[in-house]
Amino acid sequence: MFEASKARERFTLNLTVEQLLALASLFWALSANRLFLQAALKDRVASEPATWGFAVALLVMLGALHFLLMALVSNRWTVKPLLAVLVVGTAFATHFMQSFSVYLDPTMLRNVLRTDVAEARELFAWRLIPHLLLFAVLPLLVLWRVRIVRRPWLRAAAVRVGLLLLAAAVLVGALLSVFQAFSSLMRNNKDMRYLITPANYVWSLAAVATAQAKGAAKPRVAIGEDAQPGPRMAARSKPLLVVMVVGETARAANWQLNGYAKATTPELARLGTPPVINFKDVTSCGTNTETSLPCMFAPIGRRDYEESRIRGSQSLLHVLNRAGVGVLWRDNQSGCKGVCEGLPQEEVLQLNPPGLCADGRCLDEALLMGLDERLKAAAAKPGTQLLVLHQLGNHGPSYFRRFPPAFKRFTPQCEHDDLRKCSTEEIVNAYDNALLYTDHVLARLIQQLQAAQGQVDSVVLYVSDHGESLGENNLFLHGLPYAIAPDLQKRVPMVMWFSAGAAASTGVDTACLQRRAAQSAAHDHLFHTLLGLTDVKTALYEKDWDLTKDCRP
Ligand SMILES: [Zn+2]
């Protein structure tokens, strides 16, 4: 009994709250901020003393900053739970950041929070285990053995205030010693602050929670309340079905129709008359789904981007619906992000199409389930309908899980969830195979619509939500802050197709649109182009942003 407690005594660390916080701050400054230091020291020469001085100043700033922030909210009772949570959170954060070179800004945090189980399983790599043992389990063991030294409260308060002032002085001192270099660095790379760990994810989490709380309190602002069917829509006797396919993570650079050397869109390329209209140079609104998706259906896009306004307002779907367009959102991914709130929606996983779903994921052909029946029903009643198909597309990192075996055409392909285990060639092959499958899904959709074109006029508009990095400049996946993201994450494929009857009923001269497709376009065009195509009149419509404006009478 006596021996055991003596042994425990030997492995107990007696520390004050401040000593413990200082240790934790030092630990994270040295272990969790590799990406921040790399980015900050990128253009410097390692052999120069000034580089080392700068690096030391940055480390001191990181330590002092985290000490200050934590000392403000820690006391004898909260310090250990707080550190335990941060130790685990930081270990996950650094793994995620280092694996995919991501910045933990509010948008990225929003993405992480919306990650579903199937997605998380793919992001989980076995490499995570040694990382967690070293950066979470080991520090937790040490933390467990810490006994907080008690001080009389008056003395404790005096020490705390004194040390807070000291930390602030150290922070300011370190900052001033490298002020010029540091301030120009931060001015040119504002987003670099989102590499400062663990402050980055705590800050972003708070920002997301605040925005959420504000957004939840208010209902969406109605837009386009004046929406009405235009003369062409009112006079339409044959049903018109517009199918908008929202792609996922397809990038323009690997799209055969854009001139990519590999045949990633053979079926679309083969579609004879009428051919698909391929838009060669299309810019996305965001670099991740959470940003792009709401933006694609908003009257203001990237040109006047304002996240809270877009998230707080209704979407194109509500406007069209108000004018009498039947709307359905069919989802094979993570939902419509509020775009279809209150409107008819289906999740393909719930429809459970035979042979297409496993482990909580469905292949994109599931989106086409029951399409023939839907066309038959549409044929029975005149009117305009918009069907949105939200793909799983090229959702990474497990590109190889996105298609059935028949589409494993480019080999060898990466078959790991952990991309770092594969060569660039294998990663690109898996990615291209997934594109090949999207090509097939789109071609099948068009063929089905073509078969029904005697009864229903139809238009297809396919566009991806954002692009992807496949290891270029050591970047993977997507979601880099827009200002610094490479074009590969911002250039997306887009195609349109009109049945012969639809060209007549929408009044679009497809040869003219074919010429327009050679010029640049953006997600910003979608809202106004779809208003134009369906012929819904509203004051929100801006003709300049309608891709068909010069191709209709
Ligand atoms: Zn996406």
# chains A, B, ... in the order shown; residues from 1 in each chain; ligands from 1

call {"tool": "closest_atom_pairs", "arguments": {"of": "chain A", "to": "ligand 1", "cutoff": "8 Å", "atoms": "only C-alpha atoms and all ligand atoms", "output": "JSON lines"}}
result
{"residue": "A:Gly247", "atom": "CA", "partner": "ligand 1", "partner_atom_place_in_ligand_line": "1 (Zn)", "distance": 7.8}
{"residue": "A:Glu248", "atom": "CA", "partner": "ligand 1", "partner_atom_place_in_ligand_line": "1 (Zn)", "distance": 4.8}
{"residue": "A:Thr249", "atom": "CA", "partner": "ligand 1", "partner_atom_place_in_ligand_line": "1 (Zn)", "distance": 5.2}
{"residue": "A:Thr287", "atom": "CA", "partner": "ligand 1", "partner_atom_place_in_ligand_line": "1 (Zn)", "distance": 7.6}
{"residue": "A:Asn288", "atom": "CA", "partner": "ligand 1", "partner_atom_place_in_ligand_line": "1 (Zn)", "distance": 4.9}
{"residue": "A:Thr289", "atom": "CA", "partner": "ligand 1", "partner_atom_place_in_ligand_line": "1 (Zn)", "distance": 3.5}
{"residue": "A:Glu290", "atom": "CA", "partner": "ligand 1", "partner_atom_place_in_ligand_line": "1 (Zn)", "distance": 7.2}
{"residue": "A:Ser292", "atom": "CA", "partner": "ligand 1", "partner_atom_place_in_ligand_line": "1 (Zn)", "distance": 7.4}
{"residue": "A:Leu293", "atom": "CA", "partner": "ligand 1", "partner_atom_place_in_ligand_line": "1 (Zn)", "distance": 7.7}
{"residue": "A:His395", "atom": "CA", "partner": "ligand 1", "partner_atom_place_in_ligand_line": "1 (Zn)", "distance": 7.1}
{"residue": "A:Ser464", "atom": "CA", "partner": "ligand 1", "partner_atom_place_in_ligand_line": "1 (Zn)", "distance": 7.9}
{"residue": "A:Asp465", "atom": "CA", "partner": "ligand 1", "partner_atom_place_in_ligand_line": "1 (Zn)", "distance": 5.4}
{"residue": "A:His466", "atom": "CA", "partner": "ligand 1", "partner_atom_place_in_ligand_line": "1 (Zn)", "distance": 5.9}

call {"tool": "closest_atom_pairs", "arguments": {"of": "segment 412-447 of chain A", "to": "segment 497-508 of chain A", "cutoff": "12 Å", "atoms": "only C-alpha atoms", "output": "Markdown table"}}
result
| residue | atom | partner | partner_atom | distance |
| --- | --- | --- | --- | --- |
| A:Leu442 | CA | A:Trp497 | CA | 10.2 |
| A:Ala443 | CA | A:Trp497 | CA | 10.3 |
| A:Leu445 | CA | A:Trp497 | CA | 10.6 |
| A:Ile446 | CA | A:Trp497 | CA | 7.8 |
| A:Gln447 | CA | A:Ser499 | CA | 10.2 |

call {"tool": "write_last_selection", "arguments": {"atoms": "N, CA, C and O atoms", "output": "CSV table (one decimal), in the first residue's frame"}}
result
chain,number,residue,atom,x,y,z
A,442,LEU,N,-23.3,10.7,-67.7
A,442,LEU,CA,-23.9,11.8,-68.5
A,442,LEU,C,-24.4,11.3,-69.8
A,442,LEU,O,-25.5,11.7,-70.3
A,443,ALA,N,-23.6,10.5,-70.4
A,443,ALA,CA,-24.1,10.0,-71.8
A,443,ALA,C,-25.3,9.1,-71.6
A,443,ALA,O,-26.2,9.2,-72.5
A,445,LEU,N,-27.6,9.4,-69.4
A,445,LEU,CA,-28.7,10.4,-69.1
A,445,LEU,C,-29.2,11.0,-70.4
A,445,LEU,O,-30.4,11.0,-70.7
A,446,ILE,N,-28.2,11.4,-71.2
A,446,ILE,CA,-28.6,12.1,-72.5
A,446,ILE,C,-29.3,11.1,-73.4
A,446,ILE,O,-30.3,11.4,-74.1
A,447,GLN,N,-28.8,9.8,-73.5
A,447,GLN,CA,-29.5,8.8,-74.3
A,447,GLN,C,-30.9,8.6,-73.9
A,447,GLN,O,-31.8,8.4,-74.7

call {"tool": "residues_around", "arguments": {"residues": "segment 185-190 of chain A", "least_positions_apart": "2", "cutoff": "10 Å", "atoms": "only C-alpha atoms", "output": "JSON list (two decimals) with C-alpha atoms, in the first residue's frame"}}
result
[["chain", "number", "residue", "atom", "x", "y", "z"],
["A", 39, "ALA", "CA", 5.35, 28.84, -45.39],
["A", 40, "ALA", "CA", 6.92, 31.70, -43.41],
["A", 41, "LEU", "CA", 10.49, 30.71, -44.21],
["A", 179, "PHE", "CA", 8.16, 43.52, -37.62],
["A", 180, "GLN", "CA", 8.94, 44.56, -41.17],
["A", 181, "ALA", "CA", 9.47, 41.06, -42.48],
["A", 182, "PHE", "CA", 6.56, 39.66, -40.53],
["A", 183, "SER", "CA", 4.02, 42.29, -41.49],
["A", 192, "MET", "CA", -1.18, 31.90, -43.51],
["A", 193, "ARG", "CA", -2.68, 32.64, -40.11],
["A", 194, "TYR", "CA", -4.86, 29.59, -40.63],
["A", 481, "PRO", "CA", -8.41, 29.64, -49.79],
["A", 483, "ALA", "CA", -7.04, 33.77, -53.44],
["A", 484, "ILE", "CA", -4.13, 31.37, -53.30]]

call {"tool": "atom_distance", "arguments": {"atom1": "atom CA of Phe27 of chain A", "atom2": "atom CA of Gly173 of chain A"}}
result
20.9 Å

call {"tool": "residues_around", "arguments": {"residues": "Asp105 of chain A", "least_positions_apart": "4", "cutoff": "7 Å", "atoms": "only C-alpha atoms", "output": "tab-separated table (two decimals) with N, CA, C and O atoms, in the first residue's frame"}}
result
chain	number	residue	atom	x	y	z
A	109	LEU	N	-13.28	24.20	-41.90
A	109	LEU	CA	-13.87	23.63	-40.69
A	109	LEU	C	-15.33	23.23	-40.93
A	109	LEU	O	-15.79	22.18	-40.50
A	194	TYR	N	-4.10	30.81	-40.85
A	194	TYR	CA	-4.86	29.59	-40.63
A	194	TYR	C	-3.97	28.34	-40.56
A	194	TYR	O	-4.45	27.23	-40.56
A	200	ASN	N	-5.71	28.11	-34.98
A	200	ASN	CA	-6.49	28.15	-36.22
A	200	ASN	C	-7.84	27.44	-36.11
A	200	ASN	O	-8.89	28.00	-36.42
A	204	SER	N	-11.58	29.07	-36.00
A	204	SER	CA	-12.50	28.75	-37.10
A	204	SER	C	-13.77	28.09	-36.57
A	204	SER	O	-14.87	28.37	-37.05

call {"tool": "residues_around", "arguments": {"residues": "segment 542-553 of chain A", "least_positions_apart": "5", "cutoff": "6 Å", "atoms": "only C-alpha atoms", "output": "ChimeraX atom specification"}}
result
/A:507-509,512,525,528-529

call {"tool": "closest_residue", "arguments": {"among": "A:Asn352, A:Asn14, A:Thr283, A:Asn433", "to": "Ser520 of chain A", "atoms": "only C-alpha atoms"}}
result
A:Thr283

call {"tool": "atom_distance", "arguments": {"atom1": "atom CA of Leu475 of chain A", "atom2": "atom CA of Phe100 of chain A"}}
result
6.5 Å

call {"tool": "select_by_dssp", "arguments": {"residues": "segment 77-253 of chain A", "states": "strand (DSSP E)", "output": "VMD selection string"}}
result
chain A and resid 146 to 148 228 to 229 240 to 247

call {"tool": "write_last_selection", "arguments": {"atoms": "all heavy atoms", "output": "mmCIF file, in the first residue's frame"}}
result
data_model
loop_
_atom_site.group_PDB
_atom_site.id
_atom_site.type_symbol
_atom_site.label_atom_id
_atom_site.label_comp_id
_atom_site.auth_asym_id
_atom_site.auth_seq_id
_atom_site.Cartn_x
_atom_site.Cartn_y
_atom_site.Cartn_z
ATOM 1 N N VAL A 146 0.250 14.861 -14.138
ATOM 2 C CA VAL A 146 0.512 16.198 -13.602
ATOM 3 C C VAL A 146 -0.396 16.455 -12.407
ATOM 4 O O VAL A 146 -1.590 16.190 -12.450
ATOM 5 C CB VAL A 146 0.271 17.273 -14.692
ATOM 6 C CG1 VAL A 146 0.249 18.676 -14.069
ATOM 7 C CG2 VAL A 146 1.354 17.192 -15.765
ATOM 8 N N ARG A 147 0.190 16.948 -11.325
ATOM 9 C CA ARG A 147 -0.630 17.399 -10.216
ATOM 10 C C ARG A 147 -0.486 18.907 -10.117
ATOM 11 O O ARG A 147 0.635 19.422 -10.082
ATOM 12 C CB ARG A 147 -0.208 16.726 -8.917
ATOM 13 C CG ARG A 147 -1.228 16.987 -7.807
ATOM 14 C CD ARG A 147 -1.051 16.063 -6.633
ATOM 15 N NE ARG A 147 0.288 16.235 -6.069
ATOM 16 C CZ ARG A 147 0.863 15.333 -5.261
ATOM 17 N NH1 ARG A 147 0.246 14.211 -4.980
ATOM 18 N NH2 ARG A 147 2.058 15.554 -4.768
ATOM 19 N N ILE A 148 -1.611 19.599 -10.129
ATOM 20 C CA ILE A 148 -1.566 21.058 -10.127
ATOM 21 C C ILE A 148 -1.248 21.564 -8.712
ATOM 22 O O ILE A 148 -1.932 21.220 -7.751
ATOM 23 C CB ILE A 148 -2.919 21.653 -10.590
ATOM 24 C CG1 ILE A 148 -3.229 21.178 -12.006
ATOM 25 C CG2 ILE A 148 -2.898 23.177 -10.517
ATOM 26 C CD1 ILE A 148 -2.260 21.653 -13.054
ATOM 27 N N GLN A 228 -42.233 35.244 -62.480
ATOM 28 C CA GLN A 228 -43.433 34.866 -63.237
ATOM 29 C C GLN A 228 -43.032 34.146 -64.504
ATOM 30 O O GLN A 228 -41.952 34.402 -65.038
ATOM 31 C CB GLN A 228 -44.178 36.133 -63.652
ATOM 32 C CG GLN A 228 -44.821 36.812 -62.487
ATOM 33 C CD GLN A 228 -46.059 37.563 -62.872
ATOM 34 O OE1 GLN A 228 -46.399 37.634 -64.049
ATOM 35 N NE2 GLN A 228 -46.734 38.115 -61.890
ATOM 36 N N PRO A 229 -43.903 33.278 -64.995
ATOM 37 C CA PRO A 229 -43.593 32.663 -66.287
ATOM 38 C C PRO A 229 -43.591 33.704 -67.406
ATOM 39 O O PRO A 229 -44.503 34.537 -67.468
ATOM 40 C CB PRO A 229 -44.720 31.642 -66.479
ATOM 41 C CG PRO A 229 -45.749 31.931 -65.456
ATOM 42 C CD PRO A 229 -45.141 32.776 -64.390
ATOM 43 N N LEU A 240 -41.116 20.599 -70.849
ATOM 44 C CA LEU A 240 -39.673 20.836 -70.924
ATOM 45 C C LEU A 240 -39.043 20.368 -69.615
ATOM 46 O O LEU A 240 -39.463 20.778 -68.529
ATOM 47 C CB LEU A 240 -39.380 22.326 -71.120
ATOM 48 C CG LEU A 240 -37.892 22.722 -71.047
ATOM 49 C CD1 LEU A 240 -37.096 22.151 -72.220
ATOM 50 C CD2 LEU A 240 -37.729 24.243 -70.993
ATOM 51 N N LEU A 241 -38.051 19.506 -69.731
ATOM 52 C CA LEU A 241 -37.336 19.036 -68.549
ATOM 53 C C LEU A 241 -35.890 19.519 -68.627
ATOM 54 O O LEU A 241 -35.175 19.191 -69.573
ATOM 55 C CB LEU A 241 -37.366 17.503 -68.475
ATOM 56 C CG LEU A 241 -36.521 16.866 -67.363
ATOM 57 C CD1 LEU A 241 -37.057 17.226 -65.983
ATOM 58 C CD2 LEU A 241 -36.457 15.354 -67.530
ATOM 59 N N VAL A 242 -35.486 20.321 -67.648
ATOM 60 C CA VAL A 242 -34.084 20.739 -67.575
ATOM 61 C C VAL A 242 -33.425 19.889 -66.502
ATOM 62 O O VAL A 242 -33.893 19.845 -65.366
ATOM 63 C CB VAL A 242 -33.957 22.231 -67.215
ATOM 64 C CG1 VAL A 242 -32.495 22.635 -67.129
ATOM 65 C CG2 VAL A 242 -34.700 23.090 -68.234
ATOM 66 N N VAL A 243 -32.367 19.176 -66.887
ATOM 67 C CA VAL A 243 -31.642 18.373 -65.907
ATOM 68 C C VAL A 243 -30.311 19.047 -65.643
ATOM 69 O O VAL A 243 -29.481 19.187 -66.542
ATOM 70 C CB VAL A 243 -31.402 16.924 -66.403
ATOM 71 C CG1 VAL A 243 -30.719 16.106 -65.308
ATOM 72 C CG2 VAL A 243 -32.705 16.283 -66.820
ATOM 73 N N MET A 244 -30.127 19.503 -64.430
ATOM 74 C CA MET A 244 -28.851 20.100 -64.075
ATOM 75 C C MET A 244 -28.070 19.079 -63.260
ATOM 76 O O MET A 244 -28.526 18.616 -62.221
ATOM 77 C CB MET A 244 -29.062 21.367 -63.262
ATOM 78 C CG MET A 244 -27.748 21.948 -62.798
ATOM 79 S SD MET A 244 -27.955 23.635 -62.280
ATOM 80 C CE MET A 244 -26.303 23.984 -61.680
ATOM 81 N N VAL A 245 -26.911 18.710 -63.762
ATOM 82 C CA VAL A 245 -26.074 17.755 -63.038
ATOM 83 C C VAL A 245 -24.964 18.538 -62.354
ATOM 84 O O VAL A 245 -24.136 19.173 -63.006
ATOM 85 C CB VAL A 245 -25.472 16.696 -63.988
ATOM 86 C CG1 VAL A 245 -24.681 15.663 -63.188
ATOM 87 C CG2 VAL A 245 -26.563 16.027 -64.810
ATOM 88 N N VAL A 246 -24.976 18.514 -61.026
ATOM 89 C CA VAL A 246 -23.926 19.193 -60.273
ATOM 90 C C VAL A 246 -22.813 18.188 -60.027
ATOM 91 O O VAL A 246 -22.974 17.232 -59.276
ATOM 92 C CB VAL A 246 -24.468 19.734 -58.936
ATOM 93 C CG1 VAL A 246 -23.359 20.393 -58.131
ATOM 94 C CG2 VAL A 246 -25.605 20.713 -59.184
ATOM 95 N N GLY A 247 -21.711 18.387 -60.710
ATOM 96 C CA GLY A 247 -20.578 17.457 -60.600
ATOM 97 C C GLY A 247 -19.806 17.680 -59.315
ATOM 98 O O GLY A 247 -20.036 18.652 -58.591
#

call {"tool": "closest_residue", "arguments": {"among": "A:Leu65, A:Leu531, A:Met97, A:Val463", "to": "Gly230 of chain A", "atoms": "only C-alpha atoms"}}
result
A:Leu531

call {"tool": "atom_distance", "arguments": {"atom1": "atom CA of Val348 of chain A", "atom2": "atom CA of Ala366 of chain A"}}
result
6.4 Å

call {"tool": "residues_around", "arguments": {"residues": "segment 412-425 of chain A", "least_positions_apart": "4", "cutoff": "6 Å", "atoms": "only C-alpha atoms", "output": "list in words"}}
result
Glu122, Ala125, Pro397, Ser398, Phe400, Asn429 and Ala430 of chain A

call {"tool": "residues_around", "arguments": {"residues": "Ser315 of chain A", "least_positions_apart": "5", "cutoff": "6 Å", "atoms": "only C-alpha atoms", "output": "list in words"}}
result
Phe297, Ala298 and Val339 of chain A

call {"tool": "select_by_dssp", "arguments": {"residues": "segment 335-370 of chain A", "states": "helix (DSSP H, G or I)", "output": "list in words"}}
result
Val348, Leu349, Gln350, Leu351, Asp364, Glu365, Ala366, Leu367 and Leu368 of chain A

call {"tool": "write_last_selection", "arguments": {"atoms": "N, CA, C and O atoms", "output": "tab-separated table (two decimals), in the first residue's frame"}}
result
chain	number	residue	atom	x	y	z
A	348	VAL	N	-30.48	9.34	-52.88
A	348	VAL	CA	-30.47	8.06	-53.59
A	348	VAL	C	-30.19	6.89	-52.66
A	348	VAL	O	-30.69	5.80	-52.86
A	349	LEU	N	-29.40	7.14	-51.60
A	349	LEU	CA	-29.11	6.06	-50.66
A	349	LEU	C	-30.40	5.50	-50.07
A	349	LEU	O	-30.53	4.30	-49.85
A	350	GLN	N	-31.36	6.39	-49.83
A	350	GLN	CA	-32.63	5.96	-49.27
A	350	GLN	C	-33.47	5.19	-50.30
A	350	GLN	O	-34.23	4.30	-49.94
A	351	LEU	N	-33.31	5.54	-51.57
A	351	LEU	CA	-34.05	4.83	-52.62
A	351	LEU	C	-33.50	3.42	-52.79
A	351	LEU	O	-34.16	2.54	-53.31
A	364	ASP	N	-22.82	6.77	-59.03
A	364	ASP	CA	-23.64	7.86	-59.56
A	364	ASP	C	-24.76	7.41	-60.50
A	364	ASP	O	-25.73	8.15	-60.71
A	365	GLU	N	-24.65	6.23	-61.07
A	365	GLU	CA	-25.76	5.77	-61.92
A	365	GLU	C	-27.06	5.66	-61.13
A	365	GLU	O	-28.15	5.69	-61.71
A	366	ALA	N	-26.93	5.56	-59.80
A	366	ALA	CA	-28.13	5.53	-58.96
A	366	ALA	C	-28.98	6.79	-59.14
A	366	ALA	O	-30.19	6.77	-58.94
A	367	LEU	N	-28.34	7.88	-59.54
A	367	LEU	CA	-29.07	9.13	-59.76
A	367	LEU	C	-30.09	9.00	-60.89
A	367	LEU	O	-31.05	9.77	-60.97
A	368	LEU	N	-29.85	8.05	-61.80
A	368	LEU	CA	-30.72	7.91	-62.97
A	368	LEU	C	-31.89	6.95	-62.71
A	368	LEU	O	-32.73	6.74	-63.58

call {"tool": "decode", "arguments": {"residues": "segment 260-317 of chain A", "atoms": "C-alpha atoms", "output": "mmCIF file, in the first residue's frame"}}
result
data_model
loop_
_atom_site.group_PDB
_atom_site.id
_atom_site.type_symbol
_atom_site.label_atom_id
_atom_site.label_comp_id
_atom_site.auth_asym_id
_atom_site.auth_seq_id
_atom_site.Cartn_x
_atom_site.Cartn_y
_atom_site.Cartn_z
ATOM 1 C CA TYR A 260 -6.713 16.494 -72.292
ATOM 2 C CA ALA A 261 -4.594 13.814 -73.930
ATOM 3 C CA LYS A 262 -6.317 10.818 -72.318
ATOM 4 C CA ALA A 263 -9.792 9.745 -73.428
ATOM 5 C CA THR A 264 -11.695 10.620 -70.242
ATOM 6 C CA THR A 265 -14.955 11.587 -71.987
ATOM 7 C CA PRO A 266 -15.206 9.169 -74.917
ATOM 8 C CA GLU A 267 -18.966 8.709 -74.710
ATOM 9 C CA LEU A 268 -19.760 12.423 -74.638
ATOM 10 C CA ALA A 269 -17.326 12.948 -77.503
ATOM 11 C CA ARG A 270 -19.116 10.264 -79.540
ATOM 12 C CA LEU A 271 -22.629 11.631 -79.052
ATOM 13 C CA GLY A 272 -23.503 12.591 -82.593
ATOM 14 C CA THR A 273 -26.318 14.973 -83.370
ATOM 15 C CA PRO A 274 -27.063 17.102 -81.581
ATOM 16 C CA PRO A 275 -23.551 17.169 -80.074
ATOM 17 C CA VAL A 276 -22.785 18.338 -76.578
ATOM 18 C CA ILE A 277 -21.700 21.933 -76.164
ATOM 19 C CA ASN A 278 -18.489 21.990 -74.164
ATOM 20 C CA PHE A 279 -17.545 25.159 -72.280
ATOM 21 C CA LYS A 280 -13.781 25.213 -72.312
ATOM 22 C CA ASP A 281 -12.930 27.826 -69.719
ATOM 23 C CA VAL A 282 -15.218 27.807 -66.696
ATOM 24 C CA THR A 283 -14.281 29.228 -63.308
ATOM 25 C CA SER A 284 -15.837 27.920 -60.116
ATOM 26 C CA CYS A 285 -17.165 30.104 -57.345
ATOM 27 C CA GLY A 286 -15.278 28.337 -54.594
ATOM 28 C CA THR A 287 -12.704 25.635 -54.050
ATOM 29 C CA ASN A 288 -14.984 23.417 -51.968
ATOM 30 C CA THR A 289 -18.558 22.159 -52.002
ATOM 31 C CA GLU A 290 -19.673 24.232 -49.013
ATOM 32 C CA THR A 291 -18.827 27.435 -50.863
ATOM 33 C CA SER A 292 -19.528 26.522 -54.476
ATOM 34 C CA LEU A 293 -22.849 24.808 -54.127
ATOM 35 C CA PRO A 294 -24.869 27.664 -52.571
ATOM 36 C CA CYS A 295 -23.023 30.120 -54.804
ATOM 37 C CA MET A 296 -23.928 28.242 -58.015
ATOM 38 C CA PHE A 297 -27.610 28.817 -57.280
ATOM 39 C CA ALA A 298 -27.307 32.425 -56.134
ATOM 40 C CA PRO A 299 -27.857 35.604 -58.169
ATOM 41 C CA ILE A 300 -24.538 36.991 -56.971
ATOM 42 C CA GLY A 301 -21.587 34.742 -57.495
ATOM 43 C CA ARG A 302 -17.861 35.084 -57.083
ATOM 44 C CA ARG A 303 -17.925 38.573 -58.660
ATOM 45 C CA ASP A 304 -19.669 39.972 -55.614
ATOM 46 C CA TYR A 305 -19.155 37.188 -53.164
ATOM 47 C CA GLU A 306 -20.735 37.478 -49.756
ATOM 48 C CA GLU A 307 -21.068 34.235 -47.890
ATOM 49 C CA SER A 308 -23.592 35.272 -45.246
ATOM 50 C CA ARG A 309 -25.888 36.827 -47.848
ATOM 51 C CA ILE A 310 -25.818 33.727 -50.028
ATOM 52 C CA ARG A 311 -26.366 31.367 -47.114
ATOM 53 C CA GLY A 312 -29.090 33.562 -45.669
ATOM 54 C CA SER A 313 -31.120 33.774 -48.873
ATOM 55 C CA GLN A 314 -33.293 31.486 -50.926
ATOM 56 C CA SER A 315 -31.849 30.060 -54.128
ATOM 57 C CA LEU A 316 -32.584 29.856 -57.830
ATOM 58 C CA LEU A 317 -34.724 26.807 -57.109
#
